[in-house]
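Containing compact mmCIF, C-alpha atoms: work.txt.
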# COMPACT_ATOMS: atom_id res chain seq x y z
CA MET A 1 -29.38 -5.44 -16.45
CA GLU A 2 -26.73 -6.33 -18.96
CA SER A 3 -26.66 -7.92 -22.38
CA ILE A 4 -24.46 -10.62 -23.88
CA ILE A 5 -23.41 -11.88 -27.31
CA VAL A 6 -22.95 -15.65 -27.42
CA TYR A 7 -21.39 -17.23 -30.49
CA GLY A 8 -20.74 -20.66 -31.91
CA SER A 9 -18.03 -20.76 -34.56
CA CYS A 10 -15.96 -23.53 -36.06
CA TYR A 11 -13.91 -21.74 -38.71
CA GLY A 12 -14.20 -18.13 -37.56
CA SER A 13 -16.96 -16.35 -39.48
CA ALA A 14 -19.48 -16.29 -36.62
CA GLU A 15 -16.75 -15.26 -34.19
CA LYS A 16 -15.78 -12.36 -36.50
CA TYR A 17 -19.38 -11.15 -36.60
CA ALA A 18 -19.64 -11.46 -32.80
CA ALA A 19 -16.42 -9.48 -32.30
CA GLU A 20 -17.57 -6.74 -34.69
CA LEU A 21 -21.00 -6.54 -33.03
CA SER A 22 -19.27 -6.31 -29.66
CA VAL A 23 -17.19 -3.36 -30.90
CA ARG A 24 -20.28 -1.63 -32.29
CA THR A 25 -22.42 -2.13 -29.19
CA GLY A 26 -20.04 -2.45 -26.26
CA ILE A 27 -21.67 -5.77 -25.36
CA ARG A 28 -19.27 -8.54 -24.38
CA ALA A 29 -19.02 -11.54 -26.69
CA GLU A 30 -18.26 -15.06 -25.48
CA SER A 31 -18.15 -18.52 -26.99
CA PHE A 32 -21.18 -20.67 -26.16
CA LYS A 33 -18.72 -23.12 -24.57
CA THR A 34 -17.64 -20.70 -21.84
CA ALA A 35 -20.41 -18.08 -21.74
CA VAL A 36 -21.88 -17.33 -18.36
CA ILE A 37 -25.24 -15.74 -19.00
CA PRO A 38 -26.56 -13.49 -16.22
CA ALA A 39 -29.82 -14.55 -14.56
CA GLU A 40 -31.45 -11.40 -15.95
CA CYS A 41 -30.54 -9.92 -19.33
CA ASP A 42 -31.76 -7.01 -21.38
CA ALA A 43 -30.72 -8.82 -24.54
CA VAL A 44 -29.12 -12.08 -25.55
CA VAL A 45 -27.67 -12.17 -29.05
CA PHE A 46 -26.70 -15.57 -30.38
CA ILE A 47 -24.52 -15.77 -33.51
CA GLY A 48 -23.90 -19.27 -34.81
CA SER A 49 -22.45 -20.91 -37.89
CA LEU A 50 -24.74 -23.20 -39.84
CA TYR A 51 -23.73 -26.86 -40.10
CA ALA A 52 -26.03 -29.57 -41.44
CA GLY A 53 -29.18 -27.58 -40.70
CA GLY A 54 -28.27 -26.49 -37.18
CA ALA A 55 -26.48 -23.48 -35.75
CA LYS A 56 -23.33 -24.35 -33.81
CA GLY A 57 -23.95 -23.84 -30.10
CA LEU A 58 -27.61 -22.83 -30.37
CA LYS A 59 -28.93 -25.94 -28.63
CA GLU A 60 -26.51 -25.43 -25.73
CA THR A 61 -27.31 -21.71 -25.52
CA VAL A 62 -31.06 -22.38 -25.48
CA SER A 63 -30.48 -24.81 -22.61
CA LYS A 64 -28.66 -22.07 -20.64
CA LEU A 65 -31.39 -19.54 -21.42
CA LYS A 66 -34.18 -21.63 -19.93
CA ASN A 67 -33.16 -20.34 -16.48
CA VAL A 68 -32.63 -16.73 -17.59
CA ARG A 69 -35.08 -13.85 -17.65
CA TRP A 70 -34.33 -12.01 -20.87
CA GLN A 71 -36.08 -9.10 -22.53
CA LYS A 72 -34.82 -9.66 -26.10
CA LEU A 73 -33.52 -12.70 -27.90
CA ILE A 74 -31.78 -12.20 -31.22
CA VAL A 75 -30.56 -15.21 -33.19
CA CYS A 76 -28.15 -14.68 -36.10
CA THR A 77 -27.14 -17.54 -38.33
CA VAL A 78 -23.96 -17.47 -40.41
CA GLY A 79 -23.71 -19.62 -43.50
CA LEU A 80 -22.63 -19.84 -47.10
CA SER A 81 -26.16 -19.61 -48.48
CA ASP A 82 -27.34 -16.24 -49.72
CA PRO A 83 -29.58 -14.88 -46.92
CA ASP A 84 -31.43 -12.68 -49.44
CA ASP A 85 -32.75 -15.77 -51.18
CA SER A 86 -36.23 -16.25 -49.68
CA THR A 87 -36.09 -20.06 -49.93
CA ASN A 88 -32.77 -20.16 -48.06
CA ALA A 89 -34.01 -17.74 -45.40
CA SER A 90 -37.22 -19.71 -44.91
CA ASN A 91 -35.37 -23.03 -44.54
CA ILE A 92 -32.87 -21.54 -42.10
CA ARG A 93 -35.64 -19.92 -40.06
CA LYS A 94 -37.50 -23.25 -39.79
CA GLY A 95 -34.31 -24.91 -38.53
CA VAL A 96 -33.77 -22.20 -35.91
CA LEU A 97 -37.37 -22.29 -34.71
CA ALA A 98 -37.16 -26.08 -34.34
CA LEU A 99 -34.46 -25.54 -31.70
CA LEU A 100 -36.34 -22.84 -29.78
CA PRO A 101 -39.16 -23.54 -27.31
CA ALA A 102 -42.52 -22.72 -28.96
CA GLU A 103 -43.22 -19.91 -26.49
CA TRP A 104 -40.10 -18.09 -27.72
CA HIS A 105 -41.03 -18.13 -31.42
CA GLU A 106 -42.91 -14.82 -31.37
CA LYS A 107 -40.33 -13.08 -29.18
CA ALA A 108 -37.14 -14.13 -30.98
CA GLU A 109 -35.80 -11.99 -33.80
CA ILE A 110 -33.91 -13.99 -36.42
CA PHE A 111 -31.29 -12.67 -38.81
CA HIS A 112 -29.19 -14.41 -41.45
CA LEU A 113 -25.59 -13.42 -42.19
CA ARG A 114 -23.23 -14.75 -44.81
CA GLY A 115 -19.87 -16.29 -43.87
CA GLY A 116 -17.07 -17.86 -45.80
CA ILE A 117 -15.19 -21.08 -46.37
CA ASP A 118 -11.61 -22.13 -46.93
CA TYR A 119 -11.65 -25.72 -48.15
CA SER A 120 -7.98 -26.19 -47.23
CA CYS A 121 -8.85 -25.65 -43.54
CA LEU A 122 -11.85 -27.97 -43.27
CA HIS A 123 -11.83 -30.82 -40.80
CA PHE A 124 -11.93 -34.24 -42.44
CA LEU A 125 -15.66 -34.83 -41.92
CA HIS A 126 -16.62 -31.36 -43.13
CA SER A 127 -14.37 -31.79 -46.15
CA LEU A 128 -15.96 -35.15 -46.94
CA MET A 129 -19.46 -33.73 -46.51
CA MET A 130 -18.71 -30.82 -48.87
CA LYS A 131 -17.21 -33.20 -51.43
CA LEU A 132 -20.38 -35.32 -51.37
CA LEU A 133 -22.56 -32.21 -51.70
CA TYR A 134 -20.42 -31.05 -54.63
CA LYS A 135 -20.65 -34.41 -56.41
CA ASN A 136 -24.43 -34.47 -55.92
CA ALA A 137 -24.69 -30.89 -57.19
CA LEU A 138 -22.89 -31.85 -60.39
CA LYS A 139 -25.59 -34.48 -61.04
CA ILE A 140 -28.35 -31.87 -61.06
CA PRO A 141 -29.25 -30.84 -64.59
CA GLU A 142 -28.01 -27.32 -65.27
CA GLU A 143 -31.50 -25.91 -65.86
CA LYS A 144 -32.64 -27.19 -62.42
CA ARG A 145 -29.70 -25.81 -60.42
CA THR A 146 -30.60 -23.14 -57.91
CA ALA A 147 -28.40 -20.08 -57.41
CA GLU A 148 -27.07 -21.72 -54.25
CA VAL A 149 -26.10 -24.91 -56.09
CA LYS A 150 -24.44 -22.93 -58.88
CA ALA A 151 -22.46 -20.88 -56.35
CA MET A 152 -21.30 -24.02 -54.54
CA ILE A 153 -20.10 -25.58 -57.79
CA GLU A 154 -18.27 -22.38 -58.80
CA THR A 155 -16.52 -21.96 -55.45
CA TYR A 156 -15.84 -25.61 -54.56
CA GLY A 157 -12.26 -26.10 -53.39
CA ALA A 158 -11.56 -22.38 -53.12
CA LYS A 159 -11.34 -19.86 -50.33
CA VAL A 160 -14.32 -17.50 -50.37
CA ASP A 161 -15.34 -14.79 -47.93
CA PHE A 162 -18.84 -13.32 -48.02
CA ILE A 163 -18.65 -11.63 -44.60
CA ASP A 164 -20.49 -8.32 -44.73
CA PHE A 165 -20.38 -6.34 -41.48
CA SER A 166 -22.84 -3.79 -42.88
CA ARG A 167 -25.56 -6.41 -42.30
CA LEU A 168 -25.00 -5.97 -38.55
CA ALA A 169 -26.79 -2.61 -38.80
CA ALA A 170 -30.13 -4.46 -38.72
CA VAL A 171 -29.03 -6.39 -35.62
CA CYS A 172 -27.96 -3.14 -33.91
CA ALA A 173 -31.33 -1.60 -34.80
CA ALA A 174 -33.11 -4.59 -33.25
CA LEU A 175 -31.03 -4.19 -30.10
CA ASN A 176 -31.92 -0.52 -29.86
CA GLY A 177 -35.53 -0.82 -31.00

Kindly present the structure from the file in structure tokens form.
Amino acid sequence: MESIIVYGSCYGSAEKYAAELSVRTGIRAESFKTAVIPAECDAVVFIGSLYAGGAKGLKETVSKLKNVRWQKLIVCTVGLSDPDDSTNASNIRKGVLALLPAEWHEKAEIFHLRGGIDYSCLHFLHSLMMKLLYKNALKIPEEKRTAEVKAMIETYGAKVDFIDFSRLAAVCAALNG
């Protein structure tokens, strides 16, 4: 049997992680839009960028996987939030599990990776959404701002890159374990 890496990326961070994981493992990486998933797989790794609580392409990938016999399912989210913050990780995990069939919850391994943002490249709607989030963040009293809110305020309008390929070591270990 073979394995596959399926990714959903809008601005490139998830695609970069997928390409790097492909190099490290020798597993082919394809966009969720064009991926043909074999009927039987040793492992399916999904890497998707977080947008408004969902991971880009996860819903479509789950739909394709319903007719696939897989041994391992690894879901990696890519977002701006610090994945080491337990509140962020818990919220992201809940969002991922909401998109997976209940019988997959115990089998799926979920990882969180950090991406980046370049405000000058955002599509209009994403730019508008980030502007609204920024304006709302400014209204939060300073003593009540979380680390995530503070980071968003500090980096708003800039180009930031938090990609850390060393975090793929845990994904590789899960593939091999």

Using all atoms listed in the file, what does the table of region 2-110 of chain A residues within 9 Å of region 150-164 of chain A look like, with each row giving the shortest atom pair and its distance in Å to one decimal, sorted by chain and ascending number, as JSON lines?
{"residue": "A:Ser13", "atom": "CA", "partner": "A:Ile163", "partner_atom": "CA", "distance": 7.2}
{"residue": "A:Lys16", "atom": "CA", "partner": "A:Ile163", "partner_atom": "CA", "distance": 8.6}
{"residue": "A:Tyr17", "atom": "CA", "partner": "A:Ile163", "partner_atom": "CA", "distance": 8.0}
{"residue": "A:Val78", "atom": "CA", "partner": "A:Ile163", "partner_atom": "CA", "distance": 8.9}
{"residue": "A:Leu80", "atom": "CA", "partner": "A:Phe162", "partner_atom": "CA", "distance": 7.6}
{"residue": "A:Ser81", "atom": "CA", "partner": "A:Ala151", "partner_atom": "CA", "distance": 8.8}

Exercise. Using all atoms listed in the file, give me every residue within 8 Å of (-26.8, -13.4, -31.2) in file coordinates, as a PyMOL selection string.
Key: chain A and resi 5-7+18+44-48+73-76

Hey, can I get the axis-aligned box for region 10-16 of chain A? All listed atoms, 4 Å padding on each side, centre and edge lengths in Å to one decimal, as JSON.
{"center_x": -16.7, "center_y": -17.9, "center_z": -36.8, "size_x": 13.6, "size_y": 19.2, "size_z": 13.3}

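Reported to one decimal place, the separation of CA of Leu113 (chain A) from CA of Glu15 (chain A) is 12.1 Å.
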
Quiz prompt | Residue contacts of Leu138 (chain A) (9 Å, all atoms listed in the file) excluding same-chain residues fewer than 4 positions away, as a ChimeraX atom specification | solution = /A:133-134,142,149,153

Exercise. Extract, using all atoms listed in the file, all DNA, RNA and protein residues at most 9 Å from Leu50 (chain A), discarding same-chain residues fewer than 3 positions from it, and format them as a list in words.
Key: Ser9, Gly53, Gly54, Ala55, Lys56, Thr77, Val78, Gly79, Leu80 and Ile92 of chain A

Exercise. Determine, counting all atoms listed in the file, which protein, DNA and RNA residues have an atom within 12 Å of an atom of Asp42 (chain A); residues of the same chain fewer than 5 positions away are not included. Present the result as an NGL selection string.
Key: :A and (1-5 or 27 or 37 or 68-74 or 175-176)

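Between Ala43 (chain A) and the candidates A:Leu58, A:Ser63, A:Val171, A:Ala89, the tightest atom-to-atom separation, counting all atoms listed in the file, involves A:Val171.
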
Quiz prompt | Distance of CA of Asn88 (chain A) from CA of Glu148 (chain A), expressed in Å to one decimal place | solution = 8.6 Å

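Going from CA of Gly177 (chain A) to CA of Val23 (chain A) covers 18.5 Å.
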
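For the set A:Phe165, A:Pro38, A:Arg114, A:Lys107, the residue with the smallest atom-to-atom gap to Asp85 (chain A) is A:Arg114, counting only C-alpha atoms.
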
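Minimum atom-to-atom distances from A:Ala137, A:Leu125, A:Ile117, A:Val62 to Trp104 (chain A) were compared using all atoms listed in the file, and the lowest value belongs to A:Val62.
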
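Between Thr87 (chain A) and the residues A:Gly116, A:Leu99, A:Gly8, A:Thr146, the shortest atom-to-atom distance, using all atoms listed in the file, involves A:Thr146.
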